[in-house]
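Heads up: the structure comes next, in structure tokens.
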Amino acid sequence: MRNLRTEREITGYWEAAGENPAVSICCIAYNHESYIEDAFEGFLIQETNFPFEIIVHDDASTDKTADIIREYADAYPNIIKPIIQEINQYSIGQSQPIMNAVRLSRGKYVAVCEADDYWLDPNKIQIQHDYLEKNPSIIISGHDAKIVNEKNEVVSESKLHDSMKRDFSPEDLVAGKCSVLTLNWFHRNIDVYSLPEQRHVLNMDNFVLSLLGHHGGSHYHRDIASSAYRVHSGGVWSGVSNNIKNEAQINTFFWMYQYYSRVRMKSQARCYWRKYLRVVFLQISYSDLVIEVFRKAFRSPYSKIRRLFAGH
């Protein structure tokens, strides 16, 4: 374990020590033994005038990730709350790991960071906390991140496109017209993680941002130093092919359509149905799509469809 501030040194910053945490940092981990200490360091350098907790969920890692989490939890028992799964919850469809972490959060606010990413600014959550305290119309805030590789070498100074470095309205969030980097999320702790449709969703961040939009807009911080978004071969998102990313979007837009249909929000349902179809068209060829449409429409073997068009 790295030589960081002791728990007593950290809690010395807290004027309200002993009370419930103001912020719950929720971290999800899976086979991140090479990276998770960077994440812990980013959490434990935070200088705040309020108490915070760190809830870290390990989804049955097969490497030494769980051992590292236990070591840090032993050193910071009043700050770090570990959830160590024996069976991988994601693979058996029980729930998304982030849902398990947020369910246990006690803070007024939730900050999110996966264990292969990390924060660089020791004032990050203090700045975000203070902004949301003063701006009740804002539900979530975020900022930019550098892109780094497995060796912490900078690949790009910015993860966000320039067009996304701005505030977004509630309507933008609901319709998915925004980008708030998940590793920098800081949002009010409201229940947007327990819908039945979310158990099936692959891109949880899209769903959560849309739901948060029903409660307010987002703010982009230019006064926070970049975090570090890591790309590596084992990354849940960064390490997969474009085809798999498209399939994940198809899955996510479908279940968002299902949710908005169930709650009878017709315009939002149509919005995500159009998004769903758009990605489907990208994923399969036009000829394959035509055959599939006719197969489902007529429920006939292809030979009968051909005879139909031949006039037989």
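Each chain of the structure tokens is named A, B, ... in the order shown, its residues numbered from 1; ligands are numbered from 1 in display order.
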Show me, as CSV, the residues of stretch 112-206 of chain A having an atom within 12 Å of stretch 51-66 of chain A, each with the closest atom pair and its distance in Å, using only C-alpha atoms.
residue,atom,partner,partner_atom,distance
A:Val112,CA,A:Ile55,CA,9.8
A:Cys113,CA,A:Val56,CA,9.6
A:Glu114,CA,A:Val56,CA,9.1
A:Ala115,CA,A:Val56,CA,8.5
A:Asp116,CA,A:Thr65,CA,11.0
A:Ile125,CA,A:Phe52,CA,9.5
A:Gln126,CA,A:Phe52,CA,10.3
A:His129,CA,A:Phe52,CA,11.1
Q.
If you run DSSP on the backbone here, which positions in stretch 169-299 of chain A get helix (DSSP H, G or I)? Please write them as a ChimeraX atom specification.
A. /A:170-175,182-184,196-200,204-212,242-262,266-283,286-298
(Q) Could you check the closest approach to A:Ile139 for each of A:Arg188, A:Arg70, A:Lys81, A:His232 and tell me which residue wins, using only C-alpha atoms? (A)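 Closest to A:Ile139, using only C-alpha atoms: A:Arg188.
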Q: Give the answer as one residue: which of A:Asp191, A:Ser158, A:His32, A:Ala39 has the shortest atom-to-atom distance to A:Arg2, using only C-alpha atoms?
A: A:Ala39
Q) Distance atom CA of A:Asp38-atom CA of A:Asp117, one decimal place? A)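 Those two atoms sit 7.6 Å apart.
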Q: Considering only C-alpha atoms, return as a PyMOL selection string whatever protein or nucleic-acid residues lie within 10 Å of A:Leu132, sequence-local ones (same chain, fewer than 5 positions apart) excluded.
A: chain A and resi 109+127+137-141+186-188+218-219
Export of the given selection (N, CA and C atoms) as a short mmCIF file (atom, residue, chain, number, x, y, z; two decimals), in the first residue's frame:
data_model
loop_
_atom_site.label_atom_id
_atom_site.label_comp_id
_atom_site.auth_asym_id
_atom_site.auth_seq_id
_atom_site.Cartn_x
_atom_site.Cartn_y
_atom_site.Cartn_z
N TYR A 109 -24.54 13.60 -1.61
CA TYR A 109 -24.07 13.59 -2.99
C TYR A 109 -23.31 12.29 -3.27
N ILE A 127 -14.95 21.36 -4.66
CA ILE A 127 -15.45 22.32 -5.64
C ILE A 127 -16.83 21.91 -6.15
N SER A 137 -30.68 24.14 -9.05
CA SER A 137 -31.22 23.70 -10.35
C SER A 137 -30.29 22.74 -11.07
N ILE A 138 -29.09 22.53 -10.51
CA ILE A 138 -28.11 21.62 -11.12
C ILE A 138 -28.15 20.29 -10.40
N ILE A 139 -28.30 19.21 -11.15
CA ILE A 139 -28.38 17.87 -10.57
C ILE A 139 -27.03 17.15 -10.58
N ILE A 140 -26.17 17.50 -11.56
CA ILE A 140 -24.90 16.79 -11.72
C ILE A 140 -23.86 17.74 -12.29
N SER A 141 -22.60 17.53 -11.89
CA SER A 141 -21.52 18.30 -12.49
C SER A 141 -20.39 17.36 -12.89
N PHE A 186 -20.56 13.89 -10.30
CA PHE A 186 -20.85 14.30 -8.93
C PHE A 186 -22.31 14.74 -8.95
N HIS A 187 -23.18 13.94 -8.36
CA HIS A 187 -24.61 14.27 -8.48
C HIS A 187 -25.33 14.10 -7.14
N ARG A 188 -26.49 14.70 -7.08
CA ARG A 188 -27.33 14.59 -5.89
C ARG A 188 -27.76 13.13 -5.72
N SER A 218 -26.94 20.05 -15.91
CA SER A 218 -25.56 19.71 -15.55
C SER A 218 -24.67 20.94 -15.67
N HIS A 219 -23.55 20.91 -14.94
CA HIS A 219 -22.58 21.99 -15.00
C HIS A 219 -21.22 21.42 -15.37
#
Q: Once DSSP has gone over the backbone, tell me which residues of stretch 174-266 of chain A are in strand (DSSP E), as a list in words.
A: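 Filtering stretch 174-266 of chain A to strand (DSSP E) leaves Phe186, His187, Arg188, Gly217, Ser218, His219, Tyr220, Ser227, Ala228, Tyr229 and Arg230 of chain A.
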Using N, CA, C and O atoms, can you write the selected residues to a file as an mmCIF file, in the first residue's frame?
data_model
loop_
_atom_site.group_PDB
_atom_site.id
_atom_site.type_symbol
_atom_site.label_atom_id
_atom_site.label_comp_id
_atom_site.auth_asym_id
_atom_site.auth_seq_id
_atom_site.Cartn_x
_atom_site.Cartn_y
_atom_site.Cartn_z
ATOM 1 N N PHE A 186 -20.561 13.886 -10.302
ATOM 2 C CA PHE A 186 -20.854 14.297 -8.928
ATOM 3 C C PHE A 186 -22.305 14.737 -8.953
ATOM 4 O O PHE A 186 -22.639 15.768 -9.533
ATOM 5 N N HIS A 187 -23.185 13.943 -8.356
ATOM 6 C CA HIS A 187 -24.611 14.270 -8.477
ATOM 7 C C HIS A 187 -25.333 14.098 -7.143
ATOM 8 O O HIS A 187 -24.844 13.455 -6.212
ATOM 9 N N ARG A 188 -26.492 14.699 -7.085
ATOM 10 C CA ARG A 188 -27.326 14.590 -5.891
ATOM 11 C C ARG A 188 -27.756 13.128 -5.719
ATOM 12 O O ARG A 188 -28.026 12.433 -6.712
ATOM 13 N N GLY A 217 -30.313 20.252 -14.460
ATOM 14 C CA GLY A 217 -29.324 20.288 -15.531
ATOM 15 C C GLY A 217 -27.946 19.893 -15.034
ATOM 16 O O GLY A 217 -27.764 19.459 -13.891
ATOM 17 N N SER A 218 -26.938 20.054 -15.910
ATOM 18 C CA SER A 218 -25.561 19.710 -15.552
ATOM 19 C C SER A 218 -24.666 20.939 -15.674
ATOM 20 O O SER A 218 -24.971 21.885 -16.406
ATOM 21 N N HIS A 219 -23.555 20.911 -14.940
ATOM 22 C CA HIS A 219 -22.578 21.994 -14.998
ATOM 23 C C HIS A 219 -21.219 21.425 -15.371
ATOM 24 O O HIS A 219 -20.814 20.374 -14.877
ATOM 25 N N TYR A 220 -20.509 22.162 -16.243
ATOM 26 C CA TYR A 220 -19.150 21.779 -16.636
ATOM 27 C C TYR A 220 -18.155 22.657 -15.886
ATOM 28 O O TYR A 220 -18.191 23.891 -15.985
ATOM 29 N N SER A 227 -8.979 14.767 -14.646
ATOM 30 C CA SER A 227 -8.769 13.440 -14.095
ATOM 31 C C SER A 227 -8.058 12.600 -15.155
ATOM 32 O O SER A 227 -7.666 13.125 -16.202
ATOM 33 N N ALA A 228 -7.914 11.303 -14.886
ATOM 34 C CA ALA A 228 -7.239 10.422 -15.843
ATOM 35 C C ALA A 228 -8.160 9.274 -16.230
ATOM 36 O O ALA A 228 -8.558 8.464 -15.385
ATOM 37 N N TYR A 229 -8.525 9.234 -17.508
ATOM 38 C CA TYR A 229 -9.322 8.146 -18.079
ATOM 39 C C TYR A 229 -8.349 7.168 -18.725
ATOM 40 O O TYR A 229 -7.599 7.538 -19.620
ATOM 41 N N ARG A 230 -8.363 5.927 -18.250
ATOM 42 C CA ARG A 230 -7.359 4.973 -18.705
ATOM 43 C C ARG A 230 -7.890 4.070 -19.825
ATOM 44 O O ARG A 230 -8.984 3.511 -19.725
#
(Q) Which residues are close to A:Ala145, i.e. within 12 Å by only C-alpha atoms, leaving aside same-chain residues fewer than 6 positions away? Reply as an MDAnalysis selection string. (A) chainID A and resid 113 117:121 154:161 165 180:185 220:222 224:230
Requested write-out: N, CA and C atoms of the selected residues, as a compact mmCIF listing (two decimals), in the first residue's frame:
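Result saved to result.txt:
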# COMPACT_ATOMS: atom_id res chain seq x y z
N CYS A 113 -16.33 6.88 -9.77
CA CYS A 113 -15.07 6.66 -10.47
C CYS A 113 -14.78 5.17 -10.51
N ASP A 117 -9.64 4.18 -13.48
CA ASP A 117 -9.46 5.62 -13.70
C ASP A 117 -9.02 6.25 -12.38
N TYR A 118 -8.64 7.54 -12.41
CA TYR A 118 -8.25 8.17 -11.15
C TYR A 118 -8.32 9.69 -11.26
N TRP A 119 -8.44 10.32 -10.07
CA TRP A 119 -8.54 11.76 -9.96
C TRP A 119 -7.17 12.37 -9.69
N LEU A 120 -7.00 13.63 -10.10
CA LEU A 120 -5.72 14.31 -9.93
C LEU A 120 -5.81 15.56 -9.06
N ASP A 121 -6.98 16.14 -8.95
CA ASP A 121 -7.15 17.41 -8.24
C ASP A 121 -7.61 17.15 -6.81
N VAL A 154 0.42 9.93 -20.98
CA VAL A 154 -0.70 10.69 -21.55
C VAL A 154 -0.82 10.42 -23.04
N VAL A 155 -1.98 9.92 -23.44
CA VAL A 155 -2.29 9.67 -24.84
C VAL A 155 -2.93 10.90 -25.47
N SER A 156 -3.77 11.57 -24.71
CA SER A 156 -4.43 12.80 -25.15
C SER A 156 -4.68 13.69 -23.94
N GLU A 157 -4.57 14.99 -24.13
CA GLU A 157 -4.78 15.92 -23.03
C GLU A 157 -6.27 16.13 -22.72
N SER A 158 -7.13 15.67 -23.62
CA SER A 158 -8.57 15.89 -23.41
C SER A 158 -9.36 14.69 -23.89
N LYS A 159 -10.28 14.22 -23.06
CA LYS A 159 -11.20 13.14 -23.42
C LYS A 159 -12.47 13.68 -24.07
N LEU A 160 -12.89 14.86 -23.66
CA LEU A 160 -14.13 15.43 -24.15
C LEU A 160 -13.94 16.22 -25.44
N HIS A 161 -14.88 16.10 -26.36
CA HIS A 161 -14.92 16.97 -27.53
C HIS A 161 -15.25 18.38 -27.07
N LYS A 165 -17.89 20.56 -23.77
CA LYS A 165 -17.32 21.26 -22.61
C LYS A 165 -18.21 22.46 -22.26
N VAL A 180 -21.20 13.74 -20.08
CA VAL A 180 -20.59 14.02 -18.78
C VAL A 180 -19.78 12.78 -18.43
N LEU A 181 -18.46 12.92 -18.36
CA LEU A 181 -17.59 11.76 -18.17
C LEU A 181 -17.90 11.06 -16.84
N THR A 182 -18.14 9.76 -16.92
CA THR A 182 -18.59 9.01 -15.75
C THR A 182 -17.61 9.10 -14.59
N LEU A 183 -16.30 9.08 -14.88
CA LEU A 183 -15.31 9.12 -13.80
C LEU A 183 -15.31 10.44 -13.04
N ASN A 184 -16.02 11.45 -13.58
CA ASN A 184 -16.07 12.76 -12.92
C ASN A 184 -17.47 13.12 -12.42
N TRP A 185 -18.40 12.17 -12.50
CA TRP A 185 -19.76 12.44 -12.04
C TRP A 185 -19.76 12.86 -10.58
N TYR A 220 -20.51 22.16 -16.24
CA TYR A 220 -19.15 21.78 -16.64
C TYR A 220 -18.16 22.66 -15.89
N HIS A 221 -17.25 22.04 -15.13
CA HIS A 221 -16.25 22.77 -14.35
C HIS A 221 -14.98 23.00 -15.17
N ARG A 222 -14.60 24.26 -15.28
CA ARG A 222 -13.29 24.60 -15.85
C ARG A 222 -12.28 24.88 -14.75
N ILE A 224 -11.49 22.74 -12.30
CA ILE A 224 -10.99 21.49 -11.73
C ILE A 224 -9.96 20.90 -12.69
N ALA A 225 -8.82 20.47 -12.15
CA ALA A 225 -7.79 19.84 -12.99
C ALA A 225 -8.32 18.53 -13.56
N SER A 226 -7.84 18.17 -14.74
CA SER A 226 -8.29 16.94 -15.39
C SER A 226 -8.07 15.72 -14.52
N SER A 227 -8.98 14.77 -14.65
CA SER A 227 -8.77 13.44 -14.10
C SER A 227 -8.06 12.60 -15.16
N ALA A 228 -7.91 11.30 -14.89
CA ALA A 228 -7.24 10.42 -15.84
C ALA A 228 -8.16 9.27 -16.23
N TYR A 229 -8.53 9.23 -17.51
CA TYR A 229 -9.32 8.15 -18.08
C TYR A 229 -8.35 7.17 -18.73
N ARG A 230 -8.36 5.93 -18.25
CA ARG A 230 -7.36 4.97 -18.70
C ARG A 230 -7.89 4.07 -19.82
Q.
For stretch 199-202 of chain A, find every residue with an atom within 12 Å (counting only C-alpha atoms), except residues of its own chain fewer than 4 positions away, and show them as a PyMOL selection string.
A. chain A and resi 89-100+193-195+206-208+236-237+244-259
Q) In Å, how far is it from atom CA of A:Arg264 to atom CA of A:Met204? A)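 Here the two named atoms are 21.1 Å from each other.
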